Amino acid sequence: MRRRDLLAAAPLLALAGCQDARPSLAGGWQGADLARGHALRERLAQGLALTPDVQRRTGVLIAGAGVAGLAAARALRLAGRHDVAVLELQDTPGGNSRAGSLQGLPCPLGAHYLPVPGDAAAEVQDLLQELGLRQRIAGRWHYGGEQGRHLVHSPQERLYLHGHWQEGLLPVQGVGGATLAQYRRFGQRVAELSRTAPFAMPALKNWKPNQPLAPVHQALDAMVFDEWLAREGLHDAYLRWYLDYCCRDDYGAGTARVSAWAGIHYFASRHGFAAPGEAAHSEDDAGVLTWPEGNGWLTARLAAPLIEGGQLFTGRGVLRIAERRHGVEVDALDHASGRVERWQAGRCIVALPAFMAARVVAEGAPAFLPEAARRLRWAPWLVANVHLDRPLADAPGAAPAWDNVLYADPVPGGLGYVDAGHQRLAGAALLARPTVLTYYQALGDVPDARRQLESAPWTHWAGAIAASLGAAHPDLAERATRMELTRYGHAMAVPLPGTQAFLSQIGLQRPSTKRRQLSNGERIGVLPTPGTQRLLFAHADWSGYSVFEEAFTRGHHAGLAAAA
């Protein structure tokens, strides 16, 4: 998912100096409405008195229809609670896992894949089983649905390096023995740290009530990843590029900002790190689920029962959440009508980013809420979908893959692209049809990126992206017919040093001894959720970084707690 360009694009390489895309390339903004969020922020800042135009009532109200909010609604439904309503600021649910389309072809507007979950993510495994993506066959679990069609097809990944494409993302083409030795050394250290203090995905499965993090995790959480790598003598430029890329890909910021805990967790919680020539950590960990519309495929199915039941209210911006003696009072602005709705509920699941939750929860907010909003930092992101009238010409080397990364991409924060047409189950004729490339930019390391996302025209970004892709695909200008971009000002929390130590002590009251049944019949314990008597906070922010497994698990257990 990354890119690069070195040809006659020098004026495009500095973000501040990006030139506009050529006039023949149509396009614009799509997806999340930033103006709606800004209008809500300004109204909150004014502190205007709220006079409701409409009164509504429900048993459990969920504020936010991202992955956590949708997971909470599903958990409530499984627990037999149907007096539920969900409020969402945007016109479609899904958060940063929304789906879109371009020229009639589906494409992701955000997150685009889900690694096959390990046993620590039993809640996600249960969802996949419910959706037919996890099946027990001849005593083994198989993922991807019928014939594994939703697993990423081969070839899965490739890297544009030294003018050629190589298979895989870890640089191996033309690297020397010293680099390979550093790869092996890093893999050994990941394995050693995992044995000393296991890592889990989701991370909260390792958190213990009234106990600090494991000493190894504490030490890693206390420093940036770059510092740890330097202490370990891991200086190789190819290794450092790859690790920086991995951190930007999952966390929105690179090794100079994220904690060493986050850098190790990326590998240790899932598949480990295998140097060239070494066996993978586990064959069961190697699969990746994806769809042409990305994780929007999952969120659409999570939202479907709510839409069918008239329980999802989109275009609603939460203005105030107040906990009362006998319930919760929530004021929301209906952006279409301009009316203020006042909701009365027994409990409220606040599935909003921590900074937004801190703004709208009124008097009596728990002390950890403003402190989390003060400590956490969020990375902006840009997602660009490029429609092609036919596949691009290719540089020599590995065949076109699902995930295509360019080494040392000159676009600041550039992460490469995925091909939405890669999963087509057909021959060469169909594969030669129009497709959509989805290019990602993680902007957590780019100064002033959020302001630029708000103010710069779409062509400011499109020009740099087109130039970057041009080195590996010189016919891009002829093949691209349209580019549409999606902005996220606060896409994900960045796991900075100290984040795990702080968050691991929030909401870890002694969990209930009761066990709840998943849809597949498996019984699991209820994990503690940050909250008060009537408010429950469920969002990936409370894990300190944003991936599907964290958000879904937190939403699921908040739903179970609200159903109790």
# chains A, B, ... in the order shown; residues from 1 in each chain; ligands from 1
>>> residues_around(residues="segment 286-294 of chain A", least_positions_apart="4", cutoff="7 Å", atoms="only C-alpha atoms", output="list in words")
Ala99, Gly100, Pro106, Cys107, Pro108, Ala111, His112, Tyr113, Leu114, Pro115, Val116, Gly144, His150, Leu151, Val152, His271, Ser282, Ala420, Gly421 and Gln423 of chain A
>>> write_last_selection(atoms="N, CA, C and O atoms", output="tab-separated table (two decimals), in the first residue's frame")
chain	number	residue	atom	x	y	z
A	99	ALA	N	-17.28	2.02	3.24
A	99	ALA	CA	-17.11	1.62	1.85
A	99	ALA	C	-17.59	2.75	0.95
A	99	ALA	O	-18.41	3.58	1.32
A	100	GLY	N	-17.05	2.77	-0.27
A	100	GLY	CA	-17.49	3.72	-1.27
A	100	GLY	C	-17.51	3.05	-2.63
A	100	GLY	O	-17.36	1.84	-2.77
A	106	PRO	N	-16.85	-0.88	-6.46
A	106	PRO	CA	-16.69	-0.72	-5.00
A	106	PRO	C	-15.23	-0.49	-4.65
A	106	PRO	O	-14.31	-1.00	-5.31
A	107	CYS	N	-15.01	0.27	-3.57
A	107	CYS	CA	-13.66	0.56	-3.11
A	107	CYS	C	-13.73	0.97	-1.63
A	107	CYS	O	-14.77	1.41	-1.15
A	108	PRO	N	-12.63	0.84	-0.90
A	108	PRO	CA	-12.63	1.26	0.50
A	108	PRO	C	-12.43	2.76	0.63
A	108	PRO	O	-11.74	3.38	-0.18
A	111	ALA	N	-10.11	1.60	6.20
A	111	ALA	CA	-9.45	0.31	6.44
A	111	ALA	C	-9.88	-0.72	5.39
A	111	ALA	O	-11.05	-0.77	5.00
A	112	HIS	N	-8.93	-1.55	4.96
A	112	HIS	CA	-9.22	-2.41	3.81
A	112	HIS	C	-8.91	-3.88	4.04
A	112	HIS	O	-9.05	-4.68	3.10
A	113	TYR	N	-8.53	-4.29	5.24
A	113	TYR	CA	-8.27	-5.71	5.45
A	113	TYR	C	-8.38	-6.06	6.92
A	113	TYR	O	-8.35	-5.20	7.79
A	114	LEU	N	-8.50	-7.36	7.18
A	114	LEU	CA	-8.53	-7.88	8.54
A	114	LEU	C	-7.68	-9.14	8.59
A	114	LEU	O	-8.02	-10.14	7.94
A	115	PRO	N	-6.56	-9.14	9.32
A	115	PRO	CA	-5.80	-10.38	9.46
A	115	PRO	C	-6.66	-11.45	10.14
A	115	PRO	O	-7.50	-11.15	10.99
A	116	VAL	N	-6.46	-12.69	9.74
A	116	VAL	CA	-7.17	-13.78	10.40
A	116	VAL	C	-6.90	-13.68	11.90
A	116	VAL	O	-5.75	-13.68	12.33
A	144	GLY	N	-12.36	-17.47	5.28
A	144	GLY	CA	-12.52	-16.87	3.96
A	144	GLY	C	-13.78	-17.26	3.24
A	144	GLY	O	-14.01	-16.81	2.11
A	150	HIS	N	-12.63	-14.99	0.24
A	150	HIS	CA	-12.39	-13.68	0.85
A	150	HIS	C	-11.02	-13.56	1.49
A	150	HIS	O	-10.72	-12.54	2.12
A	151	LEU	N	-10.20	-14.58	1.37
A	151	LEU	CA	-8.79	-14.45	1.73
A	151	LEU	C	-8.06	-13.79	0.57
A	151	LEU	O	-8.41	-14.01	-0.60
A	152	VAL	N	-7.05	-12.99	0.88
A	152	VAL	CA	-6.31	-12.32	-0.19
A	152	VAL	C	-5.70	-13.35	-1.13
A	152	VAL	O	-5.02	-14.28	-0.69
A	271	HIS	N	1.82	-12.30	13.87
A	271	HIS	CA	2.50	-13.30	13.06
A	271	HIS	C	3.99	-13.39	13.32
A	271	HIS	O	4.69	-14.15	12.64
A	282	SER	N	3.51	-18.97	12.18
A	282	SER	CA	2.48	-20.03	12.21
A	282	SER	C	1.69	-19.94	10.93
A	282	SER	O	1.29	-18.87	10.50
A	420	ALA	N	-8.47	-2.80	-5.85
A	420	ALA	CA	-9.80	-3.28	-5.49
A	420	ALA	C	-10.26	-4.41	-6.41
A	420	ALA	O	-11.17	-5.16	-6.05
A	421	GLY	N	-9.65	-4.54	-7.59
A	421	GLY	CA	-10.05	-5.59	-8.50
A	421	GLY	C	-9.27	-6.87	-8.34
A	421	GLY	O	-9.50	-7.84	-9.08
A	423	GLN	N	-9.37	-9.24	-6.19
A	423	GLN	CA	-10.08	-10.43	-5.71
A	423	GLN	C	-11.02	-11.03	-6.75
A	423	GLN	O	-11.76	-11.96	-6.43
>>> residues_around(residues="Val258 of chain A", least_positions_apart="5", cutoff="12 Å", atoms="only C-alpha atoms", output="PyMOL selection string")
chain A and resi 220-228+243-253+263-266+376-379+444-445+493-500+544-545
>>> write_last_selection(atoms="N, CA and C atoms", output="CSV table (one decimal), in the first residue's frame")
chain,number,residue,atom,x,y,z
A,220,LEU,N,9.3,-1.2,27.3
A,220,LEU,CA,9.1,-0.9,25.9
A,220,LEU,C,8.2,0.3,25.8
A,221,ASP,N,7.2,0.4,26.6
A,221,ASP,CA,6.2,1.5,26.5
A,221,ASP,C,6.8,2.9,26.9
A,222,ALA,N,7.9,2.8,27.6
A,222,ALA,CA,8.5,4.1,28.1
A,222,ALA,C,9.4,4.8,27.1
A,223,MET,N,9.7,4.2,26.0
A,223,MET,CA,10.6,4.8,25.0
A,223,MET,C,10.0,4.7,23.6
A,224,VAL,N,10.5,5.6,22.7
A,224,VAL,CA,10.1,5.5,21.3
A,224,VAL,C,10.8,4.3,20.7
A,225,PHE,N,10.3,3.8,19.6
A,225,PHE,CA,10.8,2.7,18.9
A,225,PHE,C,12.2,2.9,18.4
A,226,ASP,N,12.4,4.1,17.9
A,226,ASP,CA,13.8,4.4,17.3
A,226,ASP,C,14.8,4.3,18.4
A,227,GLU,N,14.5,4.7,19.6
A,227,GLU,CA,15.5,4.6,20.7
A,227,GLU,C,15.8,3.1,21.0
A,228,TRP,N,14.8,2.3,21.1
A,228,TRP,CA,15.0,0.9,21.3
A,228,TRP,C,15.8,0.2,20.2
A,243,LEU,N,10.4,-1.1,9.1
A,243,LEU,CA,9.7,-1.0,10.4
A,243,LEU,C,9.0,0.3,10.5
A,244,ASP,N,9.5,1.4,10.0
A,244,ASP,CA,8.8,2.7,9.9
A,244,ASP,C,7.6,2.6,9.1
A,245,TYR,N,7.7,1.9,7.9
A,245,TYR,CA,6.5,1.7,7.1
A,245,TYR,C,5.4,0.9,7.9
A,246,CYS,N,5.8,-0.1,8.6
A,246,CYS,CA,4.8,-0.9,9.3
A,246,CYS,C,4.1,-0.1,10.4
A,247,CYS,N,4.9,0.7,11.1
A,247,CYS,CA,4.3,1.6,12.1
A,247,CYS,C,3.3,2.6,11.5
A,248,ARG,N,3.7,3.2,10.4
A,248,ARG,CA,2.8,4.2,9.8
A,248,ARG,C,1.6,3.5,9.3
A,249,ASP,N,1.7,2.3,8.8
A,249,ASP,CA,0.6,1.6,8.2
A,249,ASP,C,-0.5,1.2,9.3
A,250,ASP,N,0.0,0.8,10.5
A,250,ASP,CA,-1.0,0.4,11.6
A,250,ASP,C,-1.3,1.5,12.5
A,251,TYR,N,-0.4,2.5,12.7
A,251,TYR,CA,-0.5,3.5,13.8
A,251,TYR,C,-0.6,4.9,13.3
A,252,GLY,N,-0.4,5.1,12.0
A,252,GLY,CA,-0.4,6.5,11.5
A,252,GLY,C,0.8,7.3,11.7
A,253,ALA,N,1.8,6.8,12.4
A,253,ALA,CA,3.0,7.6,12.6
A,253,ALA,C,4.2,6.6,12.7
A,263,GLY,N,5.9,-0.9,18.4
A,263,GLY,CA,6.7,-1.4,17.3
A,263,GLY,C,6.8,-2.9,17.4
A,264,ILE,N,7.0,-3.5,18.7
A,264,ILE,CA,7.1,-4.9,18.9
A,264,ILE,C,5.8,-5.6,18.8
A,265,HIS,N,4.8,-4.9,19.4
A,265,HIS,CA,3.4,-5.4,19.4
A,265,HIS,C,2.9,-5.7,17.9
A,266,TYR,N,3.3,-4.9,17.0
A,266,TYR,CA,2.9,-5.1,15.6
A,266,TYR,C,3.1,-6.5,15.1
A,376,LEU,N,-3.8,11.7,24.6
A,376,LEU,CA,-3.8,11.0,23.4
A,376,LEU,C,-3.5,12.0,22.2
A,377,ARG,N,-2.9,11.5,21.2
A,377,ARG,CA,-2.7,12.3,19.9
A,377,ARG,C,-3.2,11.4,18.8
A,378,TRP,N,-3.8,12.1,17.7
A,378,TRP,CA,-4.4,11.4,16.6
A,378,TRP,C,-3.7,11.8,15.3
A,379,ALA,N,-3.6,10.8,14.5
A,379,ALA,CA,-3.0,10.9,13.2
A,379,ALA,C,-4.0,11.2,12.1
A,444,GLY,N,0.5,11.3,10.3
A,444,GLY,CA,0.8,11.6,11.7
A,444,GLY,C,2.2,12.2,11.9
A,445,ASP,N,3.1,12.0,11.0
A,445,ASP,CA,4.5,12.6,11.1
A,445,ASP,C,4.6,13.9,10.3
A,493,ALA,N,-5.8,7.0,17.0
A,493,ALA,CA,-4.9,7.4,18.1
A,493,ALA,C,-3.5,6.8,17.8
A,494,VAL,N,-2.4,7.6,18.1
A,494,VAL,CA,-1.1,7.2,17.9
A,494,VAL,C,-0.5,6.6,19.2
A,495,PRO,N,0.0,5.4,19.3
A,495,PRO,CA,0.5,4.8,20.5
A,495,PRO,C,1.8,5.4,20.9
A,496,LEU,N,1.8,6.6,21.5
A,496,LEU,CA,3.0,7.3,21.9
A,496,LEU,C,3.6,6.6,23.2
A,497,PRO,N,4.8,6.9,23.6
A,497,PRO,CA,5.3,6.3,24.9
A,497,PRO,C,4.5,6.7,26.0
A,498,GLY,N,4.2,5.8,26.9
A,498,GLY,CA,3.4,6.0,28.1
A,498,GLY,C,1.9,5.7,27.9
A,499,THR,N,1.5,5.6,26.7
A,499,THR,CA,0.0,5.4,26.4
A,499,THR,C,-0.5,4.1,27.0
A,500,GLN,N,0.2,3.0,26.9
A,500,GLN,CA,-0.2,1.7,27.5
A,500,GLN,C,-0.2,1.8,29.0
A,544,GLY,N,-5.4,2.7,22.7
A,544,GLY,CA,-4.3,3.5,22.3
A,544,GLY,C,-3.9,3.4,20.9
A,545,TYR,N,-4.6,2.6,20.1
A,545,TYR,CA,-4.3,2.5,18.7
A,545,TYR,C,-5.5,1.9,18.0
>>> residues_around(residues="segment 189-194 of chain A", least_positions_apart="3", cutoff="12 Å", atoms="only C-alpha atoms", output="number ranges by chain")
A: 182-186, 197-200, 214-217, 219-220, 228-229, 232-234, 260-275, 280-281
>>> residues_around(residues="Glu363 of chain A", least_positions_apart="6", cutoff="9 Å", atoms="only C-alpha atoms", output="PyMOL selection string")
chain A and resi 321-323
>>> residues_around(residues="Glu123 of chain A", least_positions_apart="6", cutoff="10 Å", atoms="only C-alpha atoms", output="ChimeraX atom specification")
/A:71,75,117,129,518-519,522,524,549,552-554,556-557
>>> select_by_dssp(residues="segment 11-200 of chain A", states="strand (DSSP E or B)", output="VMD selection string")
chain A and resid 26 to 29 54 to 63 84 to 88 99 to 102 105 to 108 113 to 115 134 to 137 140 to 143 151 157 to 161 164 to 167
>>> closest_residue(among="A:Gly327, A:Pro52, A:Gly489, A:Gly254", to="Pro380 of chain A", atoms="only C-alpha atoms")
A:Gly489
>>> closest_residue(among="A:Lys208, A:Ile465, A:Leu352, A:Leu476", to="Met492 of chain A", atoms="only C-alpha atoms")
A:Leu352
>>> atom_distance(atom1="atom CA of Arg81 of chain A", atom2="atom CA of Ala563 of chain A")
6.6 Å
>>> residues_around(residues="Gly118 of chain A", least_positions_apart="4", cutoff="8 Å", atoms="only C-alpha atoms", output="list in words")
Ala122, Gln125, Met201, Arg270 and Asp285 of chain A
>>> write_last_selection(atoms="N, CA, C and O atoms", output="tab-separated table (two decimals), in the first residue's frame")
chain	number	residue	atom	x	y	z
A	122	ALA	N	-11.45	-13.84	20.38
A	122	ALA	CA	-12.57	-14.77	20.23
A	122	ALA	C	-13.83	-14.06	19.76
A	122	ALA	O	-14.65	-14.64	19.03
A	125	GLN	N	-13.52	-13.71	16.05
A	125	GLN	CA	-13.72	-15.03	15.46
A	125	GLN	C	-15.20	-15.38	15.39
A	125	GLN	O	-15.69	-15.93	14.39
A	201	MET	N	-3.53	-9.63	20.85
A	201	MET	CA	-4.39	-8.80	20.02
A	201	MET	C	-5.81	-9.28	20.23
A	201	MET	O	-6.14	-10.38	19.82
A	270	ARG	N	0.69	-10.88	16.47
A	270	ARG	CA	0.05	-11.57	15.35
A	270	ARG	C	0.95	-12.66	14.79
A	270	ARG	O	0.88	-13.81	15.17
A	285	ASP	N	-1.53	-18.03	11.04
A	285	ASP	CA	-1.54	-16.58	11.19
A	285	ASP	C	-1.35	-15.84	9.88
A	285	ASP	O	-1.38	-14.63	9.84
>>> closest_residue(among="A:Cys348, A:Ala480, A:Ala358, A:Val340", to="Asp389 of chain A", atoms="only C-alpha atoms")
A:Ala480
>>> closest_residue(among="A:Arg374, A:Lys205, A:His153, A:His387", to="Met356 of chain A", atoms="only C-alpha atoms")
A:Arg374
>>> closest_residue(among="A:Ala551, A:Ala393, A:Ala35, A:Ala45", to="Arg359 of chain A", atoms="only C-alpha atoms")
A:Ala45
>>> residues_around(residues="Pro366 of chain A", least_positions_apart="6", cutoff="10 Å", atoms="only C-alpha atoms", output="ChimeraX atom specification")
/A:358,530-532,535
>>> atom_distance(atom1="atom CA of Arg523 of chain A", atom2="atom CA of Gln311 of chain A")
27.3 Å
>>> select_by_dssp(residues="segment 28-277 of chain A", states="helix (DSSP H, G or I)", output="VMD selection string")
chain A and resid 34 to 46 67 to 78 95 to 97 119 to 130 146 to 148 177 to 196 203 to 206 215 to 221 225 to 231 237 to 251 260 to 268
>>> atom_distance(atom1="atom CA of Asp33 of chain A", atom2="atom CA of Gly315 of chain A")
10.1 Å
